[in-house]
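Quick look at upload37.cif (mmCIF, C-alpha atoms):
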data_coords
#
loop_
_atom_site.group_PDB
_atom_site.id
_atom_site.type_symbol
_atom_site.label_atom_id
_atom_site.label_comp_id
_atom_site.auth_asym_id
_atom_site.auth_seq_id
_atom_site.Cartn_x
_atom_site.Cartn_y
_atom_site.Cartn_z
ATOM 1 C CA MET A 1 18.566 -63.671 -24.072
ATOM 2 C CA ASN A 2 16.076 -63.147 -21.252
ATOM 3 C CA GLY A 3 17.445 -59.654 -20.737
ATOM 4 C CA LEU A 4 17.053 -58.810 -24.409
ATOM 5 C CA ARG A 5 13.496 -60.186 -24.413
ATOM 6 C CA ALA A 6 12.577 -58.079 -21.368
ATOM 7 C CA ALA A 7 14.047 -54.973 -22.974
ATOM 8 C CA ALA A 8 12.142 -55.644 -26.178
ATOM 9 C CA ILE A 9 8.878 -56.105 -24.284
ATOM 10 C CA GLY A 10 9.506 -52.865 -22.404
ATOM 11 C CA LEU A 11 10.247 -51.013 -25.643
ATOM 12 C CA ILE A 12 7.105 -52.377 -27.284
ATOM 13 C CA GLY A 13 5.069 -51.278 -24.276
ATOM 14 C CA LEU A 14 6.563 -47.804 -24.405
ATOM 15 C CA LEU A 15 5.900 -47.518 -28.122
ATOM 16 C CA GLY A 16 2.335 -48.617 -27.501
ATOM 17 C CA LEU A 17 1.841 -45.791 -25.051
ATOM 18 C CA VAL A 18 3.334 -43.265 -27.451
ATOM 19 C CA ILE A 19 1.259 -44.485 -30.380
ATOM 20 C CA GLY A 20 -1.848 -44.664 -28.236
ATOM 21 C CA GLY A 21 -1.245 -41.076 -27.150
ATOM 22 C CA THR A 22 -1.825 -41.744 -23.425
ATOM 23 C CA PRO A 23 1.223 -41.427 -21.149
ATOM 24 C CA ALA A 24 1.393 -43.978 -18.345
ATOM 25 C CA PHE A 25 1.006 -41.308 -15.674
ATOM 26 C CA ALA A 26 -2.201 -40.111 -17.348
ATOM 27 C CA ALA A 27 -3.640 -43.567 -17.957
ATOM 28 C CA ASP A 28 -3.797 -44.405 -14.256
ATOM 29 C CA TYR A 29 -4.702 -40.901 -13.071
ATOM 30 C CA PRO A 30 -5.225 -40.254 -10.233
ATOM 31 C CA ASN A 31 -3.064 -42.697 -8.296
ATOM 32 C CA ARG A 32 -2.457 -40.381 -5.334
ATOM 33 C CA PRO A 33 -4.276 -37.482 -3.629
ATOM 34 C CA VAL A 34 -5.212 -34.425 -5.690
ATOM 35 C CA HIS A 35 -4.837 -31.020 -4.048
ATOM 36 C CA TRP A 36 -7.625 -28.567 -4.882
ATOM 37 C CA LEU A 37 -6.637 -24.989 -4.037
ATOM 38 C CA ILE A 38 -9.303 -22.387 -3.322
ATOM 39 C CA GLY A 39 -8.678 -18.725 -2.616
ATOM 40 C CA PHE A 40 -11.284 -18.183 0.080
ATOM 41 C CA SER A 41 -11.810 -19.170 3.688
ATOM 42 C CA ALA A 42 -13.583 -22.231 4.988
ATOM 43 C CA GLY A 43 -17.354 -22.023 5.312
ATOM 44 C CA GLY A 44 -17.973 -19.593 2.449
ATOM 45 C CA PRO A 45 -19.890 -20.465 -0.742
ATOM 46 C CA VAL A 46 -16.770 -21.355 -2.734
ATOM 47 C CA ASP A 47 -15.494 -23.606 0.043
ATOM 48 C CA VAL A 48 -18.858 -25.339 0.470
ATOM 49 C CA VAL A 49 -19.187 -26.100 -3.247
ATOM 50 C CA ALA A 50 -15.577 -27.290 -3.454
ATOM 51 C CA ARG A 51 -16.093 -29.722 -0.581
ATOM 52 C CA ILE A 52 -19.328 -31.069 -2.058
ATOM 53 C CA MET A 53 -17.543 -31.805 -5.319
ATOM 54 C CA ALA A 54 -14.335 -33.023 -3.652
ATOM 55 C CA ASN A 55 -16.238 -35.621 -1.651
ATOM 56 C CA TRP A 56 -17.947 -36.897 -4.807
ATOM 57 C CA LEU A 57 -14.705 -37.015 -6.795
ATOM 58 C CA SER A 58 -12.886 -38.776 -3.944
ATOM 59 C CA GLU A 59 -15.495 -41.518 -3.967
ATOM 60 C CA ARG A 60 -15.525 -41.683 -7.754
ATOM 61 C CA PHE A 61 -11.754 -42.132 -8.122
ATOM 62 C CA GLY A 62 -10.850 -43.819 -4.856
ATOM 63 C CA GLN A 63 -8.286 -41.078 -4.217
ATOM 64 C CA GLN A 64 -8.702 -38.082 -1.968
ATOM 65 C CA PHE A 65 -9.395 -34.673 -3.519
ATOM 66 C CA VAL A 66 -8.060 -32.484 -0.723
ATOM 67 C CA VAL A 67 -9.495 -28.961 -0.488
ATOM 68 C CA GLU A 68 -6.853 -26.464 0.608
ATOM 69 C CA ASN A 69 -7.824 -22.918 1.557
ATOM 70 C CA ARG A 70 -5.079 -20.520 0.402
ATOM 71 C CA THR A 71 -6.640 -17.189 1.303
ATOM 72 C CA GLY A 72 -5.435 -13.684 0.578
ATOM 73 C CA SER A 73 -5.017 -11.157 -2.217
ATOM 74 C CA GLY A 74 -8.482 -11.715 -3.669
ATOM 75 C CA GLY A 75 -7.752 -15.361 -4.428
ATOM 76 C CA ASN A 76 -4.466 -14.598 -6.177
ATOM 77 C CA ILE A 77 -2.329 -16.489 -3.661
ATOM 78 C CA ALA A 78 -4.181 -19.709 -4.466
ATOM 79 C CA ALA A 79 -4.028 -19.024 -8.201
ATOM 80 C CA ALA A 80 -0.281 -18.369 -8.141
ATOM 81 C CA ALA A 81 0.347 -21.509 -6.095
ATOM 82 C CA ALA A 82 -1.638 -23.629 -8.533
ATOM 83 C CA ILE A 83 -0.031 -22.087 -11.620
ATOM 84 C CA ASN A 84 3.455 -22.689 -10.215
ATOM 85 C CA SER A 85 2.710 -26.336 -9.425
ATOM 86 C CA PRO A 86 3.780 -29.217 -11.682
ATOM 87 C CA PRO A 87 1.265 -29.599 -14.541
ATOM 88 C CA ASP A 88 0.483 -33.198 -13.681
ATOM 89 C CA GLY A 89 -3.146 -32.978 -12.576
ATOM 90 C CA TYR A 90 -2.356 -33.326 -8.889
ATOM 91 C CA THR A 91 -2.822 -29.629 -8.128
ATOM 92 C CA ILE A 92 -5.941 -27.961 -9.491
ATOM 93 C CA LEU A 93 -7.584 -24.600 -8.840
ATOM 94 C CA PHE A 94 -11.148 -23.636 -7.972
ATOM 95 C CA VAL A 95 -12.055 -20.901 -10.468
ATOM 96 C CA ALA A 96 -14.551 -18.148 -9.677
ATOM 97 C CA PRO A 97 -15.249 -14.581 -10.875
ATOM 98 C CA ASN A 98 -12.323 -13.201 -8.869
ATOM 99 C CA ASN A 99 -9.953 -14.866 -11.332
ATOM 100 C CA ALA A 100 -11.534 -12.987 -14.238
ATOM 101 C CA ILE A 101 -11.593 -9.723 -12.285
ATOM 102 C CA SER A 102 -8.038 -9.859 -10.908
ATOM 103 C CA THR A 103 -6.532 -9.776 -14.395
ATOM 104 C CA SER A 104 -7.304 -6.074 -14.722
ATOM 105 C CA LEU A 105 -7.712 -5.068 -11.058
ATOM 106 C CA TYR A 106 -4.275 -6.154 -9.834
ATOM 107 C CA LYS A 107 -1.460 -4.318 -11.579
ATOM 108 C CA HIS A 108 1.483 -6.520 -10.614
ATOM 109 C CA LEU A 109 0.328 -10.112 -10.837
ATOM 110 C CA SER A 110 3.085 -12.667 -11.287
ATOM 111 C CA TYR A 111 1.014 -14.558 -13.841
ATOM 112 C CA ASP A 112 -1.454 -14.175 -16.689
ATOM 113 C CA PHE A 113 -4.461 -16.300 -15.784
ATOM 114 C CA LEU A 114 -5.686 -16.989 -19.321
ATOM 115 C CA ARG A 115 -2.184 -17.728 -20.579
ATOM 116 C CA ASP A 116 -0.937 -19.787 -17.639
ATOM 117 C CA THR A 117 -3.910 -22.074 -16.973
ATOM 118 C CA VAL A 118 -5.969 -24.576 -18.917
ATOM 119 C CA PRO A 119 -9.737 -24.751 -18.387
ATOM 120 C CA VAL A 120 -10.924 -28.087 -17.021
ATOM 121 C CA ALA A 121 -14.598 -28.008 -16.103
ATOM 122 C CA SER A 122 -17.518 -25.779 -15.205
ATOM 123 C CA ILE A 123 -19.432 -26.678 -12.034
ATOM 124 C CA MET A 124 -22.248 -24.206 -11.569
ATOM 125 C CA GLN A 125 -23.449 -20.643 -11.941
ATOM 126 C CA LEU A 126 -25.209 -18.478 -9.400
ATOM 127 C CA PRO A 127 -26.044 -14.799 -9.050
ATOM 128 C CA ASN A 128 -25.439 -12.392 -6.230
ATOM 129 C CA MET A 129 -28.265 -10.768 -4.304
ATOM 130 C CA LEU A 130 -28.721 -7.143 -3.301
ATOM 131 C CA VAL A 131 -29.699 -7.023 0.365
ATOM 132 C CA VAL A 132 -30.050 -3.893 2.472
ATOM 133 C CA SER A 133 -30.272 -3.026 6.137
ATOM 134 C CA ASN A 134 -33.789 -3.218 7.533
ATOM 135 C CA ALA A 135 -33.223 0.370 8.693
ATOM 136 C CA MET A 136 -33.150 1.506 5.059
ATOM 137 C CA PRO A 137 -36.518 3.070 4.060
ATOM 138 C CA VAL A 138 -36.606 1.251 0.721
ATOM 139 C CA LYS A 139 -38.570 -1.778 -0.478
ATOM 140 C CA SER A 140 -37.511 -2.002 -4.134
ATOM 141 C CA VAL A 141 -34.538 -1.427 -6.418
ATOM 142 C CA GLN A 142 -36.076 1.776 -7.790
ATOM 143 C CA GLU A 143 -36.706 3.131 -4.296
ATOM 144 C CA PHE A 144 -33.106 2.338 -3.430
ATOM 145 C CA ILE A 145 -31.805 4.173 -6.510
ATOM 146 C CA ASP A 146 -33.940 7.207 -5.662
ATOM 147 C CA TYR A 147 -32.745 7.144 -2.059
ATOM 148 C CA CYS A 148 -29.120 6.852 -3.132
ATOM 149 C CA LYS A 149 -29.314 9.724 -5.599
ATOM 150 C CA ALA A 150 -31.099 11.974 -3.122
ATOM 151 C CA ASP A 151 -28.174 11.823 -0.702
ATOM 152 C CA PRO A 152 -25.179 9.730 -1.780
ATOM 153 C CA SER A 153 -23.303 10.531 1.428
ATOM 154 C CA ARG A 154 -25.698 8.262 3.334
ATOM 155 C CA VAL A 155 -24.926 5.110 1.344
ATOM 156 C CA SER A 156 -22.020 2.683 1.553
ATOM 157 C CA PHE A 157 -21.801 -0.879 0.341
ATOM 158 C CA ALA A 158 -19.904 -3.769 1.848
ATOM 159 C CA SER A 159 -17.980 -6.442 0.002
ATOM 160 C CA SER A 160 -16.055 -9.599 0.809
ATOM 161 C CA GLY A 161 -12.867 -7.936 -0.450
ATOM 162 C CA PHE A 162 -11.362 -6.065 -3.398
ATOM 163 C CA GLY A 163 -11.839 -7.828 -6.698
ATOM 164 C CA THR A 164 -14.556 -10.215 -5.628
ATOM 165 C CA SER A 165 -17.822 -10.503 -7.540
ATOM 166 C CA VAL A 166 -19.471 -8.968 -4.470
ATOM 167 C CA HIS A 167 -17.341 -5.847 -4.878
ATOM 168 C CA MET A 168 -17.595 -5.591 -8.642
ATOM 169 C CA SER A 169 -21.367 -6.139 -8.692
ATOM 170 C CA GLY A 170 -21.593 -2.936 -6.682
ATOM 171 C CA GLU A 171 -19.274 -1.134 -9.076
ATOM 172 C CA LEU A 172 -21.334 -2.328 -12.044
ATOM 173 C CA PHE A 173 -24.497 -1.071 -10.334
ATOM 174 C CA LYS A 174 -22.867 2.332 -9.805
ATOM 175 C CA ALA A 175 -21.814 2.474 -13.455
ATOM 176 C CA MET A 176 -25.262 1.634 -14.777
ATOM 177 C CA THR A 177 -27.386 3.736 -12.414
ATOM 178 C CA GLY A 178 -25.259 6.779 -11.662
ATOM 179 C CA CYS A 179 -25.503 6.043 -7.945
ATOM 180 C CA SER A 180 -22.569 7.084 -5.817
ATOM 181 C CA MET A 181 -21.772 4.655 -3.009
ATOM 182 C CA LEU A 182 -18.719 4.263 -0.794
ATOM 183 C CA HIS A 183 -17.112 0.820 -1.025
ATOM 184 C CA VAL A 184 -16.227 -0.758 2.332
ATOM 185 C CA PRO A 185 -14.246 -4.016 1.891
ATOM 186 C CA TYR A 186 -14.260 -6.734 4.546
ATOM 187 C CA ARG A 187 -12.306 -9.968 4.859
ATOM 188 C CA GLY A 188 -15.340 -12.041 3.927
ATOM 189 C CA SER A 189 -19.027 -11.183 3.740
ATOM 190 C CA ALA A 190 -19.892 -12.942 7.016
ATOM 191 C CA ILE A 191 -17.874 -10.309 8.857
ATOM 192 C CA ALA A 192 -19.829 -7.530 7.138
ATOM 193 C CA TYR A 193 -23.325 -8.561 8.195
ATOM 194 C CA PRO A 194 -23.224 -7.204 11.773
ATOM 195 C CA ASP A 195 -22.440 -3.754 10.327
ATOM 196 C CA ILE A 196 -25.188 -4.082 7.711
ATOM 197 C CA ILE A 197 -27.729 -5.186 10.298
ATOM 198 C CA SER A 198 -26.809 -2.215 12.504
ATOM 199 C CA ASN A 199 -26.882 0.089 9.422
ATOM 200 C CA LYS A 200 -23.251 1.166 9.761
ATOM 201 C CA VAL A 201 -23.014 -0.049 6.166
ATOM 202 C CA GLN A 202 -26.228 -0.039 4.187
ATOM 203 C CA LEU A 203 -26.016 -2.921 1.708
ATOM 204 C CA ILE A 204 -24.129 -5.730 0.020
ATOM 205 C CA PHE A 205 -24.366 -7.535 -3.331
ATOM 206 C CA ASP A 206 -23.547 -10.855 -1.710
ATOM 207 C CA ASN A 207 -23.244 -14.396 -3.028
ATOM 208 C CA MET A 208 -26.644 -16.051 -3.137
ATOM 209 C CA PRO A 209 -26.135 -18.654 -0.352
ATOM 210 C CA ALA A 210 -25.156 -16.176 2.363
ATOM 211 C CA ALA A 211 -27.599 -13.485 1.236
ATOM 212 C CA LEU A 212 -30.472 -15.982 1.121
ATOM 213 C CA ALA A 213 -29.732 -17.200 4.634
ATOM 214 C CA GLN A 214 -29.648 -13.661 6.023
ATOM 215 C CA SER A 215 -32.775 -12.485 4.213
ATOM 216 C CA ARG A 216 -34.736 -15.590 5.183
ATOM 217 C CA SER A 217 -33.824 -15.017 8.814
ATOM 218 C CA GLY A 218 -35.171 -11.469 8.549
ATOM 219 C CA THR A 219 -31.929 -9.743 9.507
ATOM 220 C CA VAL A 220 -31.727 -7.929 6.134
ATOM 221 C CA ARG A 221 -34.118 -7.148 3.266
ATOM 222 C CA ALA A 222 -33.636 -8.664 -0.209
ATOM 223 C CA LEU A 223 -34.268 -6.261 -3.096
ATOM 224 C CA GLY A 224 -33.105 -8.166 -6.159
ATOM 225 C CA VAL A 225 -30.849 -10.735 -7.787
ATOM 226 C CA THR A 226 -28.070 -9.929 -10.228
ATOM 227 C CA SER A 227 -29.136 -12.420 -12.919
ATOM 228 C CA PRO A 228 -30.730 -11.070 -16.129
ATOM 229 C CA LYS A 229 -34.032 -12.712 -15.182
ATOM 230 C CA ARG A 230 -35.542 -13.949 -11.929
ATOM 231 C CA TRP A 231 -33.481 -16.857 -10.702
ATOM 232 C CA PRO A 232 -35.070 -20.335 -10.861
ATOM 233 C CA GLY A 233 -36.368 -21.403 -7.464
ATOM 234 C CA PHE A 234 -36.768 -17.831 -6.201
ATOM 235 C CA PRO A 235 -39.458 -16.247 -8.407
ATOM 236 C CA ASP A 236 -40.562 -13.853 -5.669
ATOM 237 C CA ILE A 237 -37.240 -11.969 -5.772
ATOM 238 C CA PRO A 238 -37.069 -9.515 -8.701
ATOM 239 C CA ALA A 239 -34.097 -9.332 -11.026
ATOM 240 C CA ILE A 240 -32.292 -5.994 -10.743
ATOM 241 C CA ALA A 241 -32.447 -5.970 -14.556
ATOM 242 C CA GLU A 242 -36.213 -5.432 -14.327
ATOM 243 C CA THR A 243 -35.335 -1.920 -13.128
ATOM 244 C CA VAL A 244 -31.819 -1.459 -14.529
ATOM 245 C CA ALA A 245 -32.007 -2.788 -18.090
ATOM 246 C CA GLY A 246 -29.051 -4.971 -19.016
ATOM 247 C CA PHE A 247 -27.701 -5.377 -15.500
ATOM 248 C CA GLU A 248 -26.106 -8.804 -15.080
ATOM 249 C CA SER A 249 -23.531 -10.274 -12.748
ATOM 250 C CA VAL A 250 -23.774 -14.050 -12.670
ATOM 251 C CA GLY A 251 -20.964 -15.873 -10.932
ATOM 252 C CA PHE A 252 -19.349 -19.017 -12.284
ATOM 253 C CA TYR A 253 -17.584 -21.807 -10.431
ATOM 254 C CA GLY A 254 -15.259 -24.299 -12.052
ATOM 255 C CA ILE A 255 -11.823 -25.876 -12.248
ATOM 256 C CA SER A 256 -8.609 -24.917 -14.013
ATOM 257 C CA ALA A 257 -5.155 -26.481 -13.964
ATOM 258 C CA PRO A 258 -1.612 -25.284 -14.673
ATOM 259 C CA LYS A 259 -0.724 -24.812 -18.332
ATOM 260 C CA GLY A 260 0.785 -27.998 -19.727
ATOM 261 C CA THR A 261 -1.511 -30.372 -17.857
ATOM 262 C CA PRO A 262 -2.008 -33.356 -20.201
ATOM 263 C CA PRO A 263 -5.255 -33.251 -22.218
ATOM 264 C CA GLU A 264 -6.012 -36.812 -21.104
ATOM 265 C CA ILE A 265 -6.100 -35.694 -17.479
ATOM 266 C CA VAL A 266 -8.199 -32.629 -18.316
ATOM 267 C CA ASP A 267 -10.631 -34.895 -20.158
ATOM 268 C CA THR A 268 -10.768 -37.361 -17.252
ATOM 269 C CA LEU A 269 -11.615 -34.616 -14.768
ATOM 270 C CA ASN A 270 -14.102 -32.956 -17.099
ATOM 271 C CA LYS A 271 -16.001 -36.192 -17.629
ATOM 272 C CA ALA A 272 -16.038 -36.921 -13.897
ATOM 273 C CA VAL A 273 -17.425 -33.473 -13.060
ATOM 274 C CA GLY A 274 -20.038 -33.970 -15.764
ATOM 275 C CA GLU A 275 -21.061 -37.241 -14.118
ATOM 276 C CA ALA A 276 -21.270 -35.537 -10.731
ATOM 277 C CA LEU A 277 -23.554 -32.840 -12.101
ATOM 278 C CA LYS A 278 -26.020 -35.556 -13.167
ATOM 279 C CA ASP A 279 -26.140 -37.056 -9.664
ATOM 280 C CA PRO A 280 -29.491 -36.119 -8.024
ATOM 281 C CA LYS A 281 -27.783 -35.636 -4.652
ATOM 282 C CA ILE A 282 -25.239 -33.195 -6.088
ATOM 283 C CA ILE A 283 -27.948 -31.351 -8.016
ATOM 284 C CA GLU A 284 -29.994 -30.977 -4.829
ATOM 285 C CA GLN A 285 -27.023 -29.736 -2.821
ATOM 286 C CA LEU A 286 -26.054 -27.130 -5.424
ATOM 287 C CA THR A 287 -29.603 -25.896 -6.016
ATOM 288 C CA THR A 288 -30.144 -25.576 -2.257
ATOM 289 C CA LEU A 289 -27.224 -23.135 -2.291
ATOM 290 C CA GLY A 290 -28.989 -21.155 -5.013
ATOM 291 C CA GLY A 291 -26.843 -22.408 -7.874
ATOM 292 C CA ILE A 292 -27.599 -24.093 -11.183
ATOM 293 C CA PRO A 293 -25.321 -26.945 -12.306
ATOM 294 C CA LYS A 294 -23.629 -25.963 -15.588
ATOM 295 C CA PRO A 295 -21.524 -28.710 -17.152
ATOM 296 C CA MET A 296 -19.357 -27.545 -20.061
ATOM 297 C CA THR A 297 -16.525 -28.837 -22.192
ATOM 298 C CA PRO A 298 -13.079 -27.447 -21.340
ATOM 299 C CA ALA A 299 -13.252 -25.234 -24.453
ATOM 300 C CA GLU A 300 -16.665 -23.863 -23.509
ATOM 301 C CA PHE A 301 -15.505 -23.093 -19.983
ATOM 302 C CA GLY A 302 -12.392 -21.397 -21.339
ATOM 303 C CA THR A 303 -14.536 -19.172 -23.558
ATOM 304 C CA LEU A 304 -16.726 -18.258 -20.580
ATOM 305 C CA VAL A 305 -13.725 -17.247 -18.466
ATOM 306 C CA ALA A 306 -12.251 -15.202 -21.338
ATOM 307 C CA ASN A 307 -15.549 -13.388 -21.924
ATOM 308 C CA GLU A 308 -15.961 -12.652 -18.220
ATOM 309 C CA THR A 309 -12.392 -11.362 -18.062
ATOM 310 C CA GLU A 310 -13.149 -8.832 -20.802
ATOM 311 C CA LYS A 311 -16.474 -7.829 -19.258
ATOM 312 C CA TRP A 312 -14.954 -7.064 -15.860
ATOM 313 C CA ARG A 313 -12.013 -5.264 -17.441
ATOM 314 C CA LYS A 314 -14.488 -2.607 -18.585
ATOM 315 C CA VAL A 315 -16.107 -2.344 -15.139
ATOM 316 C CA VAL A 316 -12.727 -2.041 -13.424
ATOM 317 C CA GLY A 317 -11.824 0.717 -15.884
ATOM 318 C CA PHE A 318 -15.024 2.622 -15.125
ATOM 319 C CA ALA A 319 -14.525 2.279 -11.394
ATOM 320 C CA GLY A 320 -10.926 3.395 -11.638
ATOM 321 C CA ALA A 321 -10.134 0.590 -9.236
ATOM 322 C CA SER A 322 -6.683 -0.922 -8.908
ATOM 323 C CA VAL A 323 -4.620 -2.837 -6.398
ATOM 324 C CA ASP A 324 -0.847 -2.439 -6.561
#

Let me see whether you can do it: turn the structure in this file into structure tokens.
Amino acid sequence: MNGLRAAAIGLIGLLGLVIGGTPAFAADYPNRPVHWLIGFSAGGPVDVVARIMANWLSERFGQQFVVENRTGSGGNIAAAAAINSPPDGYTILFVAPNNAISTSLYKHLSYDFLRDTVPVASIMQLPNMLVVSNAMPVKSVQEFIDYCKADPSRVSFASSGFGTSVHMSGELFKAMTGCSMLHVPYRGSAIAYPDIISNKVQLIFDNMPAALAQSRSGTVRALGVTSPKRWPGFPDIPAIAETVAGFESVGFYGISAPKGTPPEIVDTLNKAVGEALKDPKIIEQLTTLGGIPKPMTPAEFGTLVANETEKWRKVVGFAGASVD
């Protein structure tokens, strides 16, 4: 009799979970560490933002959100690892513009990013910044365009690697201005700055945090930001769009998870990130990096990623760029 009663209680509990629509593993999520994969090296803007958010989420849930740097192939190694992980919420991916760009740039990806992931949350947006060597005889975007067109052989631009927003911002600039510049990829923008400072390479459309630090130190000259208008907090730096109408390359940071991740877990993470982005300390940390917190619903973030994927598909086509 006791055995039958226990079985009945267990069955009732199971039915309650089914009817309630929340599986047991989702109801107590997370009950162990969550691994957050990012496709770039430690110390860069993506890594810094991920660790700021991971610390907050670890405190919020009482479980560690462990940032893991899986570098290589323009962030595709991290993306593939996340996509091939169990869809249980314990492996998530830091999403950035490279994920939207790689879809058309890389010809033999083992996955389809939009098909094989579910959007979870948006964290922030930030532009890139055009900075040039102090040896360049230009003080504005228009002077730079004139200089470039006068002798294209003198101009090359650095990037933090193929398929990054740093690379594709340069390609977009070429497409919209008619400038011809040689692309010189590096394994991270930090490695490129010595060559920019010495004028071996003339410029970079770098992520705001690194570019701001270099320009403030006086090692390079800032000409403009890639947002459609002057970026809040930095009104003295013109938008490139003031000279090149319609120019825009604003980066987005967020979280995705493998397809099949339970909606309850997606909702839990989305709400937690939304709470974090209301925390004055988090807001201050992100704005100091040059970013603007941008909370979104999973659906809104998914639409953003899809729109960015289509936008960069056109730029990749113009550039004739591809990675086999």

Note to self: Quick check on the file I pasted: which residues fall under the PyMOL selection byres ((chain A and resi 301-315) around 7)? Write them as a list in words.
What the structure shows: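 Listing what the PyMOL selection byres ((chain A and resi 301-315) around 7) selects in the shown file: Ala100, Ile101, Ser104, Pro119, Ala121, Ser122, Glu171, Leu172, Met296, Thr297, Pro298, Ala299, Glu300, Val316, Gly317, Phe318 and Ala319 of chain A.
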
Translate the PyMOL selection byres ((chain A and resi 260-277) around 9) into a concrete residue list for this structure, as an mmCIF file with C-alpha atoms, keeping the file's coordinate frame.
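Dumped to result31.cif:
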data_model
loop_
_atom_site.group_PDB
_atom_site.id
_atom_site.type_symbol
_atom_site.label_atom_id
_atom_site.label_comp_id
_atom_site.auth_asym_id
_atom_site.auth_seq_id
_atom_site.Cartn_x
_atom_site.Cartn_y
_atom_site.Cartn_z
ATOM 1 C CA GLY A 21 -1.245 -41.076 -27.150
ATOM 2 C CA THR A 22 -1.825 -41.744 -23.425
ATOM 3 C CA PRO A 23 1.223 -41.427 -21.149
ATOM 4 C CA ALA A 26 -2.201 -40.111 -17.348
ATOM 5 C CA ALA A 27 -3.640 -43.567 -17.957
ATOM 6 C CA TYR A 29 -4.702 -40.901 -13.071
ATOM 7 C CA PRO A 30 -5.225 -40.254 -10.233
ATOM 8 C CA MET A 53 -17.543 -31.805 -5.319
ATOM 9 C CA TRP A 56 -17.947 -36.897 -4.807
ATOM 10 C CA LEU A 57 -14.705 -37.015 -6.795
ATOM 11 C CA ARG A 60 -15.525 -41.683 -7.754
ATOM 12 C CA PHE A 61 -11.754 -42.132 -8.122
ATOM 13 C CA PRO A 86 3.780 -29.217 -11.682
ATOM 14 C CA PRO A 87 1.265 -29.599 -14.541
ATOM 15 C CA ASP A 88 0.483 -33.198 -13.681
ATOM 16 C CA GLY A 89 -3.146 -32.978 -12.576
ATOM 17 C CA ASP A 116 -0.937 -19.787 -17.639
ATOM 18 C CA THR A 117 -3.910 -22.074 -16.973
ATOM 19 C CA VAL A 118 -5.969 -24.576 -18.917
ATOM 20 C CA PRO A 119 -9.737 -24.751 -18.387
ATOM 21 C CA VAL A 120 -10.924 -28.087 -17.021
ATOM 22 C CA ALA A 121 -14.598 -28.008 -16.103
ATOM 23 C CA SER A 122 -17.518 -25.779 -15.205
ATOM 24 C CA ILE A 123 -19.432 -26.678 -12.034
ATOM 25 C CA MET A 124 -22.248 -24.206 -11.569
ATOM 26 C CA ILE A 255 -11.823 -25.876 -12.248
ATOM 27 C CA SER A 256 -8.609 -24.917 -14.013
ATOM 28 C CA ALA A 257 -5.155 -26.481 -13.964
ATOM 29 C CA PRO A 258 -1.612 -25.284 -14.673
ATOM 30 C CA LYS A 259 -0.724 -24.812 -18.332
ATOM 31 C CA LYS A 278 -26.020 -35.556 -13.167
ATOM 32 C CA ASP A 279 -26.140 -37.056 -9.664
ATOM 33 C CA PRO A 280 -29.491 -36.119 -8.024
ATOM 34 C CA LYS A 281 -27.783 -35.636 -4.652
ATOM 35 C CA ILE A 282 -25.239 -33.195 -6.088
ATOM 36 C CA ILE A 283 -27.948 -31.351 -8.016
ATOM 37 C CA PRO A 293 -25.321 -26.945 -12.306
ATOM 38 C CA LYS A 294 -23.629 -25.963 -15.588
ATOM 39 C CA PRO A 295 -21.524 -28.710 -17.152
ATOM 40 C CA MET A 296 -19.357 -27.545 -20.061
ATOM 41 C CA THR A 297 -16.525 -28.837 -22.192
ATOM 42 C CA PRO A 298 -13.079 -27.447 -21.340
#

Next item on the list: Could you list the residues chosen by the PyMOL selection byres ((chain A and resi 69-80) around 6) in this structure as a PyMOL selection string?
Entry: chain A and resi 37-41+68+81-83+163

Notebook entry, point to check: For Ser110 (chain A), which residue out of A:Ser249, A:Asn84, A:Asn98, A:Gln125 is the nearest one, using all atoms listed in the file?
Noted result: A:Asn84
